[in-house]
>>> print(open('target-v1.txt').read())   # compact mmCIF, C-alpha atoms and all ligand atoms
# COMPACT_ATOMS: atom_id res chain seq x y z
CA MET A 1 -210.11 -181.04 31.07
CA SER A 2 -212.82 -180.43 33.61
CA GLN A 3 -216.33 -181.11 32.38
CA ARG A 4 -217.39 -177.59 33.29
CA ASN A 5 -218.17 -175.51 30.23
CA GLN A 6 -217.20 -178.34 27.93
CA THR A 7 -218.80 -177.83 24.54
CA LEU A 8 -220.20 -180.58 22.36
CA GLY A 9 -217.51 -179.84 19.78
CA GLU A 10 -214.78 -180.36 22.37
CA PHE A 11 -216.46 -183.46 23.77
CA ILE A 12 -216.64 -185.06 20.33
CA ILE A 13 -212.94 -184.46 19.67
CA GLU A 14 -211.85 -185.59 23.13
CA ASN A 15 -213.86 -188.81 22.94
CA GLN A 16 -213.01 -189.74 19.39
CA SER A 17 -210.38 -192.28 20.44
CA SER A 18 -212.99 -194.32 22.30
CA PHE A 19 -214.75 -195.22 19.03
CA LYS A 20 -214.10 -198.65 17.65
CA TYR A 21 -213.14 -197.14 14.30
CA THR A 22 -211.20 -193.93 14.75
CA SER A 23 -211.01 -192.41 11.31
CA GLY A 24 -212.81 -189.28 12.49
CA GLU A 25 -215.76 -189.86 10.16
CA LEU A 26 -218.24 -190.64 12.92
CA SER A 27 -217.15 -187.47 14.72
CA ARG A 28 -217.75 -185.48 11.56
CA LEU A 29 -221.14 -187.11 11.16
CA ILE A 30 -222.19 -186.21 14.71
CA ASN A 31 -220.91 -182.70 14.08
CA SER A 32 -223.15 -182.43 11.03
CA ILE A 33 -226.14 -183.54 13.13
CA ARG A 34 -225.18 -180.88 15.70
CA LEU A 35 -225.22 -178.24 12.98
CA ALA A 36 -228.54 -179.34 11.46
CA ALA A 37 -230.08 -179.44 14.95
CA LYS A 38 -229.21 -175.77 15.45
CA VAL A 39 -230.73 -174.81 12.12
CA VAL A 40 -233.92 -176.75 12.83
CA ASN A 41 -234.07 -175.36 16.37
CA HIS A 42 -234.03 -171.84 14.99
CA GLU A 43 -236.97 -172.65 12.72
CA VAL A 44 -238.95 -174.56 15.38
CA ASN A 45 -238.63 -171.57 17.71
CA LYS A 46 -240.33 -169.38 15.13
CA ALA A 47 -243.32 -171.73 14.84
CA GLY A 48 -245.51 -169.53 17.04
CA LEU A 49 -245.02 -166.64 14.66
CA VAL A 50 -246.78 -168.50 11.90
CA ASP A 51 -249.60 -165.96 11.63
CA ILE A 52 -247.06 -163.22 11.20
CA ILE A 53 -244.48 -164.79 8.94
CA GLY A 54 -246.80 -167.07 7.01
CA THR A 55 -247.88 -170.69 7.15
CA ALA A 56 -246.85 -173.73 5.14
CA GLY A 57 -247.64 -173.25 1.47
CA ASP A 58 -247.32 -169.43 1.60
CA THR A 59 -244.55 -167.50 -0.04
CA ASN A 60 -242.41 -165.49 2.36
CA ILE A 61 -241.03 -162.02 1.93
CA GLN A 62 -237.90 -163.31 0.21
CA GLY A 63 -240.08 -165.08 -2.32
CA GLU A 64 -239.27 -168.50 -0.84
CA ASP A 65 -242.00 -171.07 -0.30
CA GLN A 66 -242.73 -171.71 3.39
CA GLN A 67 -242.39 -175.35 4.26
CA LYS A 68 -244.09 -177.40 6.89
CA LEU A 69 -241.63 -177.81 9.75
CA ASP A 70 -241.35 -181.57 9.42
CA VAL A 71 -240.49 -181.21 5.74
CA TYR A 72 -238.04 -178.45 6.61
CA ALA A 73 -236.37 -180.59 9.28
CA ASN A 74 -236.16 -183.53 6.90
CA ASP A 75 -234.56 -181.45 4.15
CA THR A 76 -232.16 -179.77 6.57
CA PHE A 77 -230.84 -182.99 8.10
CA ILE A 78 -230.54 -184.74 4.74
CA LYS A 79 -228.81 -181.79 3.06
CA THR A 80 -226.41 -181.20 5.94
CA MET A 81 -225.34 -184.83 6.11
CA THR A 82 -225.18 -185.27 2.34
CA LYS A 83 -222.87 -182.31 1.84
CA ARG A 84 -220.31 -183.62 4.29
CA ASN A 85 -219.54 -186.70 2.28
CA ILE A 86 -219.63 -189.17 5.18
CA VAL A 87 -222.86 -191.13 4.77
CA CYS A 88 -223.69 -193.44 1.90
CA GLY A 89 -227.41 -193.41 2.58
CA ILE A 90 -230.17 -191.93 4.70
CA ALA A 91 -233.56 -193.40 5.52
CA SER A 92 -236.11 -191.02 6.97
CA GLU A 93 -239.58 -191.40 8.42
CA GLU A 94 -240.52 -188.64 5.97
CA GLU A 95 -239.35 -190.50 2.84
CA ASP A 96 -240.96 -193.57 1.24
CA ASP A 97 -237.62 -195.13 0.35
CA PHE A 98 -234.02 -194.63 1.47
CA VAL A 99 -231.94 -191.92 -0.16
CA ALA A 100 -228.69 -193.21 -1.67
CA ILE A 101 -225.80 -190.77 -1.46
CA ASN A 102 -222.82 -191.11 -3.66
CA SER A 103 -219.49 -189.84 -2.42
CA GLN A 104 -217.97 -186.93 -4.28
CA ASP A 105 -215.51 -189.13 -6.10
CA GLU A 106 -218.44 -191.37 -7.10
CA ASN A 107 -216.71 -194.41 -5.69
CA HIS A 108 -219.18 -195.16 -2.92
CA GLN A 109 -216.49 -194.75 -0.28
CA ASN A 110 -218.73 -193.50 2.53
CA LYS A 111 -219.22 -196.00 5.34
CA TYR A 112 -222.18 -194.89 7.41
CA VAL A 113 -225.94 -195.00 7.03
CA VAL A 114 -228.27 -192.82 9.07
CA LEU A 115 -231.90 -193.48 9.94
CA ILE A 116 -233.79 -190.48 11.15
CA ASP A 117 -237.14 -189.23 12.36
CA PRO A 118 -236.53 -185.53 11.57
CA LEU A 119 -239.37 -184.09 13.65
CA ASP A 120 -241.08 -186.55 15.91
CA GLY A 121 -244.34 -185.49 17.53
CA SER A 122 -244.81 -182.74 14.96
CA SER A 123 -248.56 -182.64 15.61
CA ASN A 124 -247.58 -180.94 18.89
CA ILE A 125 -246.00 -177.92 17.22
CA ASP A 126 -249.20 -175.95 16.79
CA VAL A 127 -249.78 -176.01 20.54
CA ASN A 128 -246.23 -175.14 21.62
CA VAL A 129 -245.36 -178.57 23.00
CA SER A 130 -241.84 -179.98 22.69
CA VAL A 131 -240.90 -182.00 19.63
CA GLY A 132 -237.75 -183.87 18.78
CA THR A 133 -235.38 -185.33 16.22
CA ILE A 134 -234.30 -188.96 16.62
CA PHE A 135 -231.30 -190.45 14.82
CA SER A 136 -229.60 -193.78 14.52
CA ILE A 137 -226.23 -194.53 12.88
CA TYR A 138 -224.89 -197.83 11.50
CA ARG A 139 -221.86 -198.88 9.49
CA ARG A 140 -222.89 -200.22 6.13
CA VAL A 141 -222.81 -204.02 5.73
CA THR A 142 -222.38 -204.10 1.95
CA PRO A 143 -218.82 -203.55 0.71
CA VAL A 144 -217.43 -200.04 0.45
CA GLY A 145 -217.11 -199.20 -3.23
CA THR A 146 -220.54 -200.56 -4.14
CA PRO A 147 -223.89 -198.73 -4.07
CA VAL A 148 -225.75 -198.76 -0.78
CA THR A 149 -228.66 -201.25 -0.61
CA ILE A 150 -231.67 -201.88 1.60
CA LYS A 151 -229.56 -204.43 3.52
CA ASP A 152 -227.49 -201.59 4.95
CA PHE A 153 -230.61 -200.15 6.57
CA LEU A 154 -232.32 -203.33 7.74
CA GLN A 155 -229.85 -204.05 10.52
CA LYS A 156 -230.75 -205.07 14.03
CA GLY A 157 -230.58 -202.29 16.60
CA ASN A 158 -227.73 -204.06 18.37
CA GLN A 159 -225.52 -203.07 15.41
CA GLN A 160 -225.96 -199.32 16.01
CA VAL A 161 -222.74 -197.39 16.43
CA ALA A 162 -224.43 -194.24 17.66
CA ALA A 163 -227.91 -192.92 18.37
CA GLY A 164 -229.46 -189.88 19.90
CA TYR A 165 -232.13 -187.27 19.93
CA VAL A 166 -232.59 -183.55 19.98
CA VAL A 167 -235.41 -182.21 22.13
CA TYR A 168 -236.66 -178.78 21.15
CA GLY A 169 -238.14 -177.90 24.52
CA THR A 170 -237.93 -175.25 27.18
CA SER A 171 -234.24 -175.72 26.48
CA THR A 172 -232.96 -177.40 23.37
CA MET A 173 -230.84 -180.43 24.15
CA LEU A 174 -228.88 -182.94 22.14
CA VAL A 175 -228.51 -186.30 23.88
CA TYR A 176 -226.51 -189.11 22.32
CA THR A 177 -224.53 -192.27 22.79
CA THR A 178 -221.75 -193.96 20.86
CA GLY A 179 -221.96 -197.02 23.08
CA HIS A 180 -220.05 -195.49 25.99
CA GLY A 181 -222.87 -194.11 28.10
CA VAL A 182 -225.27 -191.28 27.39
CA ASN A 183 -224.42 -187.59 27.53
CA GLY A 184 -226.71 -184.60 27.24
CA PHE A 185 -225.80 -181.15 25.90
CA THR A 186 -227.88 -178.00 26.31
CA LEU A 187 -227.91 -175.30 23.66
CA ASN A 188 -227.05 -171.78 24.70
CA PRO A 189 -229.17 -170.04 22.06
CA ALA A 190 -227.41 -166.71 22.52
CA ILE A 191 -224.18 -168.05 21.08
CA GLY A 192 -225.40 -171.21 19.34
CA THR A 193 -223.21 -173.58 21.37
CA PHE A 194 -224.17 -176.88 23.00
CA TYR A 195 -222.62 -177.39 26.46
CA LEU A 196 -222.29 -180.66 28.34
CA SER A 197 -225.02 -180.25 30.95
CA HIS A 198 -225.99 -183.86 31.69
CA PRO A 199 -222.91 -186.11 31.76
CA ASN A 200 -223.42 -189.88 32.04
CA MET A 201 -227.22 -189.89 32.13
CA GLN A 202 -228.80 -192.88 33.88
CA PHE A 203 -232.34 -194.16 34.25
CA PRO A 204 -233.05 -194.71 37.94
CA GLU A 205 -233.63 -198.49 38.31
CA ASN A 206 -237.09 -197.83 39.71
CA GLY A 207 -239.41 -194.99 38.93
CA SER A 208 -242.86 -193.74 39.73
CA ILE A 209 -244.04 -192.38 36.37
CA TYR A 210 -245.93 -194.33 33.71
CA SER A 211 -246.48 -192.81 30.27
CA VAL A 212 -249.06 -194.30 27.94
CA ASN A 213 -252.00 -193.02 25.91
CA GLU A 214 -254.69 -194.30 28.25
CA GLY A 215 -257.39 -193.16 25.86
CA ASN A 216 -256.58 -196.36 23.96
CA TYR A 217 -256.93 -198.53 27.10
CA ILE A 218 -259.91 -200.47 25.83
CA HIS A 219 -257.90 -201.59 22.79
CA PHE A 220 -254.76 -202.68 24.68
CA PRO A 221 -253.69 -206.30 25.20
CA LYS A 222 -254.56 -207.84 28.55
CA GLY A 223 -250.96 -207.72 29.83
CA ILE A 224 -250.78 -203.95 29.37
CA LYS A 225 -254.20 -203.41 30.93
CA ASP A 226 -253.12 -205.49 33.92
CA TYR A 227 -249.87 -203.54 34.23
CA ILE A 228 -251.71 -200.20 34.09
CA LYS A 229 -254.00 -201.41 36.89
CA TYR A 230 -250.88 -202.44 38.83
CA CYS A 231 -249.46 -198.89 38.37
CA GLN A 232 -252.68 -197.43 39.75
CA MET A 233 -252.96 -199.77 42.73
CA GLU A 234 -252.38 -198.39 46.22
CA GLU A 235 -249.53 -200.52 47.55
CA GLY A 236 -245.91 -199.79 48.52
CA ASP A 237 -244.67 -196.89 46.36
CA ARG A 238 -247.81 -197.01 44.19
CA PRO A 239 -249.99 -195.58 42.76
CA TYR A 240 -247.55 -194.17 40.22
CA THR A 241 -247.97 -190.81 38.54
CA SER A 242 -249.31 -190.72 34.99
CA ARG A 243 -247.46 -188.36 32.62
CA TYR A 244 -247.98 -188.47 28.86
CA ILE A 245 -246.86 -185.61 26.65
CA GLY A 246 -247.48 -187.46 23.39
CA SER A 247 -244.01 -186.55 22.18
CA LEU A 248 -241.80 -189.62 22.52
CA VAL A 249 -238.55 -187.71 22.91
CA SER A 250 -239.92 -185.56 25.72
CA ASP A 251 -241.60 -188.45 27.53
CA PHE A 252 -238.39 -190.49 27.27
CA HIS A 253 -236.22 -187.59 28.37
CA ARG A 254 -238.29 -186.89 31.47
CA ASN A 255 -238.47 -190.59 32.38
CA MET A 256 -234.70 -190.98 32.03
CA ILE A 257 -234.13 -188.11 34.43
CA LYS A 258 -236.87 -188.91 36.93
CA GLY A 259 -237.41 -192.66 36.51
CA GLY A 260 -240.36 -194.04 34.63
CA ILE A 261 -241.74 -196.23 31.90
CA TYR A 262 -243.04 -195.33 28.43
CA MET A 263 -245.38 -197.70 26.60
CA TYR A 264 -246.84 -197.69 23.10
CA PRO A 265 -248.36 -201.15 22.94
CA LYS A 266 -250.08 -202.87 20.10
CA SER A 267 -253.84 -202.53 20.18
CA SER A 268 -256.90 -203.86 18.47
CA MET A 269 -256.55 -200.85 16.13
CA ASN A 270 -252.77 -201.08 15.46
CA ALA A 271 -251.63 -204.70 15.34
CA LYS A 272 -247.98 -203.65 15.72
CA GLY A 273 -248.39 -200.44 17.70
CA LYS A 274 -247.55 -197.07 16.19
CA LEU A 275 -243.88 -196.40 16.62
CA ARG A 276 -241.30 -197.28 13.98
CA LEU A 277 -238.65 -199.83 14.83
CA LEU A 278 -235.86 -198.23 12.81
CA TYR A 279 -236.46 -194.51 13.32
CA GLU A 280 -237.84 -194.39 16.85
CA CYS A 281 -237.60 -197.61 18.86
CA ASN A 282 -234.06 -198.79 18.08
CA PRO A 283 -232.34 -195.48 18.78
CA MET A 284 -234.35 -194.96 21.98
CA ALA A 285 -233.63 -198.56 23.02
CA PHE A 286 -229.87 -198.04 22.48
CA LEU A 287 -229.98 -194.88 24.58
CA ALA A 288 -232.07 -196.60 27.25
CA GLU A 289 -229.68 -199.54 27.58
CA GLN A 290 -226.66 -197.25 27.61
CA ALA A 291 -228.35 -195.36 30.45
CA ASN A 292 -228.99 -198.52 32.48
CA GLY A 293 -232.61 -198.79 31.32
CA LYS A 294 -234.37 -201.36 29.19
CA ALA A 295 -236.52 -201.58 26.03
CA SER A 296 -238.62 -204.44 24.77
CA ASP A 297 -241.83 -205.24 22.92
CA GLY A 298 -243.04 -207.10 26.00
CA PHE A 299 -241.30 -210.34 25.03
CA THR A 300 -238.18 -209.56 23.01
CA ARG A 301 -235.38 -207.03 23.44
CA ILE A 302 -236.08 -204.26 20.89
CA MET A 303 -232.48 -204.25 19.62
CA ASP A 304 -232.61 -208.00 18.85
CA ILE A 305 -235.60 -207.72 16.50
CA GLU A 306 -234.73 -208.51 12.89
CA PRO A 307 -236.17 -205.70 10.74
CA THR A 308 -237.94 -206.73 7.54
CA GLU A 309 -238.97 -203.36 6.13
CA LEU A 310 -237.94 -199.73 6.50
CA HIS A 311 -241.11 -198.35 8.04
CA GLU A 312 -242.11 -201.30 10.19
CA ARG A 313 -243.82 -200.66 13.50
CA VAL A 314 -243.33 -202.45 16.78
CA PRO A 315 -244.90 -202.37 20.26
CA PHE A 316 -242.57 -200.41 22.53
CA ILE A 317 -241.99 -200.55 26.28
CA CYS A 318 -239.02 -198.59 27.49
CA GLY A 319 -237.59 -197.02 30.62
CA SER A 320 -236.40 -197.86 34.11
CA LYS A 321 -235.19 -201.45 34.23
CA ASN A 322 -237.35 -202.78 37.06
CA MET A 323 -240.48 -201.14 35.67
CA VAL A 324 -239.95 -202.58 32.18
CA GLU A 325 -239.30 -206.01 33.66
CA LYS A 326 -242.52 -205.79 35.66
CA ALA A 327 -244.49 -204.83 32.53
CA GLU A 328 -242.89 -207.76 30.66
CA GLU A 329 -243.95 -210.07 33.49
CA PHE A 330 -247.57 -208.93 33.07
CA MET A 331 -247.35 -209.34 29.28
CA GLN A 332 -245.91 -212.81 29.55
CA ASN A 333 -248.40 -214.00 32.16
CA ALA A 334 -251.51 -212.55 30.49
P1 LIG B 1 -245.07 -189.21 14.68
O1 LIG B 1 -243.79 -189.88 14.27
O2 LIG B 1 -246.12 -189.28 13.61
O3 LIG B 1 -244.85 -187.83 15.21
O4 LIG B 1 -245.70 -190.11 15.86
C1 LIG B 1 -244.91 -190.48 16.94
C2 LIG B 1 -245.47 -189.85 18.18
C3 LIG B 1 -244.60 -190.03 19.40
O5 LIG B 1 -243.73 -188.94 19.57
C4 LIG B 1 -245.61 -190.06 20.49
O6 LIG B 1 -245.13 -190.68 21.64
C5 LIG B 1 -246.75 -190.78 19.86
O7 LIG B 1 -246.66 -190.54 18.49
C6 LIG B 1 -248.07 -190.29 20.35
O8 LIG B 1 -249.08 -191.00 19.73
P2 LIG B 1 -250.59 -190.93 20.24
O9 LIG B 1 -251.07 -189.56 19.93
O10 LIG B 1 -251.29 -192.01 19.48
O11 LIG B 1 -250.58 -191.21 21.72
MG MG B 2 -242.09 -190.15 14.67
>>> encode(input="target-v1.txt", output="structure tokens", more="lines below")
Ligand code: AHM
Ligand code: MG
Amino acid sequence: MSQRNQTLGEFIIENQSSFKYTSGELSRLINSIRLAAKVVNHEVNKAGLVDIIGTAGDTNIQGEDQQKLDVYANDTFIKTMTKRNIVCGIASEEEDDFVAINSQDENHQNKYVVLIDPLDGSSNIDVNVSVGTIFSIYRRVTPVGTPVTIKDFLQKGNQQVAAGYVVYGTSTMLVYTTGHGVNGFTLNPAIGTFYLSHPNMQFPENGSIYSVNEGNYIHFPKGIKDYIKYCQMEEGDRPYTSRYIGSLVSDFHRNMIKGGIYMYPKSSMNAKGKLRLLYECNPMAFLAEQANGKASDGFTRIMDIEPTELHERVPFICGSKNMVEKAEEFMQNA
């Protein structure tokens, strides 16, 4: 079939045979994420109407309590995935601990765990800036038939079977990988269908955009400060352009299309940076590598880091290969 007008639903079915395990469960899981993304998108698009339809904590006209959007997104993704009887557990940036999900027959037969940041960058909602959902999927490591444990969630990123994000932006897009490249789908809101709009997405090897919260410059490690100065130097294709939305998904998405580097380093205020290894960095790193980019903490490949706790943070440098390698060089020589 030609890729023109191919829907996400069709794409999932047609590519199912390329998965290592072809029982159809992973396809159903991605389908459930597709559905939840549409529901959340609908709600995110109404955010500007908050003065009219009520704010978080109010009761709406149907007598339902209005939820904050990040809570709403969290509930929607968890409920949608739980009902489909495919995942044995979900860990979310919004929950203190993982949520164990028993299969309907109560035999713990479900094989997948999902780690999710349901609404990343949610502080941007009030000002109409894009936000996103980030997800990461693993096969459980404990035996099927037993309850899910923390071990199933604390896997290295290199064990991911799928990862992706939804960006609720000028267009809403779902971008994901199952380890065979990265494909992007744009939602046609009129009919609620995602179409393949960005097949085989690739980071250009070089780029000219650097994305970092420079307000924290004074607190950054020397290697990052040196690299920022390098980006600003007039030489060859530099100075680079600075672009920082403050919404990881959007900054990543733009950099993947145009070529660039995103950095959230550690600082004298945050010893391990801000971003979460399991909910944000690993899925973005998997996508980056599948799109010919790179992700590291300055010294180690993100996906090779052994996680020790659910909500752990890690310094994050991600984007066009040559740019990330240059930043690593500065880190390692500082
Ligand atoms: P969140 O998970 O609390 O939304 O925080 C993650 C977000 C990223 O999307 C973004 O890149 C970063 O925080 C921005 O942080 P800062 O405002 O410190 O630059
Ligand atoms: Mg987040």
>>> atom_distance(input="target-v1.txt", atom1="CA of Lys156 in chain A", atom2="CA of Asn292 in chain A")
19.7 Å
>>> closest_residue(input="target-v1.txt", among="A:Tyr165, A:Tyr230, A:Phe185, A:Tyr176", to="ligand LIG 1 (chain B)", atoms="only C-alpha atoms and all ligand atoms")
A:Tyr165
>>> residues_near_ligand(input="target-v1.txt", ligand="ligand MG 2 (chain B)", cutoff="6 Å", atoms="all atoms listed in the file", output="list in words")
Asp117, Asp120 and Gly121 of chain A
>>> closest_residue(input="target-v1.txt", among="A:Glu94, A:Glu14, A:Glu25, A:Asp70", to="Tyr279 in chain A", atoms="all atoms listed in the file")
A:Glu94
>>> residues_around(input="target-v1.txt", residues="Ile245 in chain A", least_positions_apart="2", cutoff="12 Å", atoms="all atoms listed in the file", output="PyMOL selection string")
chain A and resi 121+123-124+127-131+169+210-214+242-243+247-255+262
>>> atom_distance(input="target-v1.txt", atom1="atom O11 of ligand LIG 1 (chain B)", atom2="CA of Gly273 in chain A")
10.3 Å
>>> atom_distance(input="target-v1.txt", atom1="CA of Phe330 in chain A", atom2="CA of Asp226 in chain A")
6.6 Å
>>> closest_residue(input="target-v1.txt", among="A:Phe299, A:Tyr240, A:Tyr217, A:Tyr138", to="ligand LIG 1 (chain B)", atoms="all atoms listed in the file")
A:Tyr217
>>> decode(input="target-v1.txt", residues="range 265-275 of chain A", atoms="all heavy atoms", output="mmCIF file, in the first residue's frame")
data_model
loop_
_atom_site.group_PDB
_atom_site.id
_atom_site.type_symbol
_atom_site.label_atom_id
_atom_site.label_comp_id
_atom_site.auth_asym_id
_atom_site.auth_seq_id
_atom_site.Cartn_x
_atom_site.Cartn_y
_atom_site.Cartn_z
ATOM 1 N N PRO A 265 21.158 19.835 31.852
ATOM 2 C CA PRO A 265 22.289 19.310 32.612
ATOM 3 C C PRO A 265 22.023 19.312 34.106
ATOM 4 O O PRO A 265 21.039 19.887 34.565
ATOM 5 C CB PRO A 265 23.408 20.300 32.293
ATOM 6 C CG PRO A 265 22.766 21.511 31.735
ATOM 7 C CD PRO A 265 21.334 21.219 31.425
ATOM 8 N N LYS A 266 22.928 18.688 34.839
ATOM 9 C CA LYS A 266 22.861 18.848 36.283
ATOM 10 C C LYS A 266 23.311 20.277 36.590
ATOM 11 O O LYS A 266 23.894 20.950 35.730
ATOM 12 C CB LYS A 266 23.754 17.836 36.981
ATOM 13 C CG LYS A 266 25.226 18.023 36.767
ATOM 14 C CD LYS A 266 25.988 17.030 37.610
ATOM 15 C CE LYS A 266 27.480 17.310 37.494
ATOM 16 N NZ LYS A 266 28.299 16.445 38.298
ATOM 17 N N SER A 267 23.043 20.737 37.791
ATOM 18 C CA SER A 267 23.464 22.092 38.134
ATOM 19 C C SER A 267 23.749 22.131 39.625
ATOM 20 O O SER A 267 23.502 21.149 40.327
ATOM 21 C CB SER A 267 22.356 23.090 37.786
ATOM 22 O OG SER A 267 21.283 22.916 38.681
ATOM 23 N N SER A 268 24.237 23.260 40.074
ATOM 24 C CA SER A 268 24.522 23.335 41.513
ATOM 25 C C SER A 268 23.217 23.319 42.314
ATOM 26 O O SER A 268 23.222 23.122 43.518
ATOM 27 C CB SER A 268 25.359 24.570 41.832
ATOM 28 O OG SER A 268 24.809 25.687 41.195
ATOM 29 N N MET A 269 22.075 23.484 41.637
ATOM 30 C CA MET A 269 20.790 23.404 42.342
ATOM 31 C C MET A 269 20.191 21.995 42.266
ATOM 32 O O MET A 269 19.567 21.529 43.203
ATOM 33 C CB MET A 269 19.788 24.394 41.748
ATOM 34 C CG MET A 269 20.122 25.846 42.056
ATOM 35 S SD MET A 269 19.864 26.818 40.591
ATOM 36 C CE MET A 269 18.107 26.677 40.374
ATOM 37 N N ASN A 270 20.350 21.328 41.101
ATOM 38 C CA ASN A 270 19.822 19.968 40.913
ATOM 39 C C ASN A 270 20.977 19.036 40.590
ATOM 40 O O ASN A 270 21.448 19.017 39.452
ATOM 41 C CB ASN A 270 18.842 19.913 39.725
ATOM 42 C CG ASN A 270 17.642 20.798 39.953
ATOM 43 O OD1 ASN A 270 17.117 20.880 41.049
ATOM 44 N ND2 ASN A 270 17.222 21.479 38.901
ATOM 45 N N ALA A 271 21.410 18.280 41.591
ATOM 46 C CA ALA A 271 22.614 17.450 41.416
ATOM 47 C C ALA A 271 22.475 16.458 40.272
ATOM 48 O O ALA A 271 23.474 16.046 39.682
ATOM 49 C CB ALA A 271 22.936 16.730 42.710
ATOM 50 N N LYS A 272 21.242 16.049 39.946
ATOM 51 C CA LYS A 272 21.055 15.080 38.863
ATOM 52 C C LYS A 272 20.211 15.650 37.725
ATOM 53 O O LYS A 272 19.613 14.910 36.947
ATOM 54 C CB LYS A 272 20.424 13.798 39.410
ATOM 55 C CG LYS A 272 21.329 13.080 40.424
ATOM 56 C CD LYS A 272 20.853 11.689 40.724
ATOM 57 C CE LYS A 272 21.349 10.682 39.693
ATOM 58 N NZ LYS A 272 20.828 9.330 39.919
ATOM 59 N N GLY A 273 20.123 16.965 37.642
ATOM 60 C CA GLY A 273 19.292 17.559 36.604
ATOM 61 C C GLY A 273 17.844 17.555 37.045
ATOM 62 O O GLY A 273 17.526 17.429 38.229
ATOM 63 N N LYS A 274 16.940 17.654 36.075
ATOM 64 C CA LYS A 274 15.515 17.722 36.411
ATOM 65 C C LYS A 274 14.733 16.564 35.821
ATOM 66 O O LYS A 274 13.760 16.086 36.404
ATOM 67 C CB LYS A 274 14.947 19.039 35.863
ATOM 68 C CG LYS A 274 13.452 19.172 36.032
ATOM 69 C CD LYS A 274 12.916 20.444 35.408
ATOM 70 C CE LYS A 274 11.428 20.575 35.689
ATOM 71 N NZ LYS A 274 10.825 21.675 34.938
ATOM 72 N N LEU A 275 15.138 16.132 34.645
ATOM 73 C CA LEU A 275 14.298 15.189 33.908
ATOM 74 C C LEU A 275 14.418 13.765 34.460
ATOM 75 O O LEU A 275 15.446 13.370 34.994
ATOM 76 C CB LEU A 275 14.657 15.226 32.420
ATOM 77 C CG LEU A 275 14.502 16.603 31.759
ATOM 78 C CD1 LEU A 275 14.858 16.526 30.284
ATOM 79 C CD2 LEU A 275 13.084 17.136 31.939
#
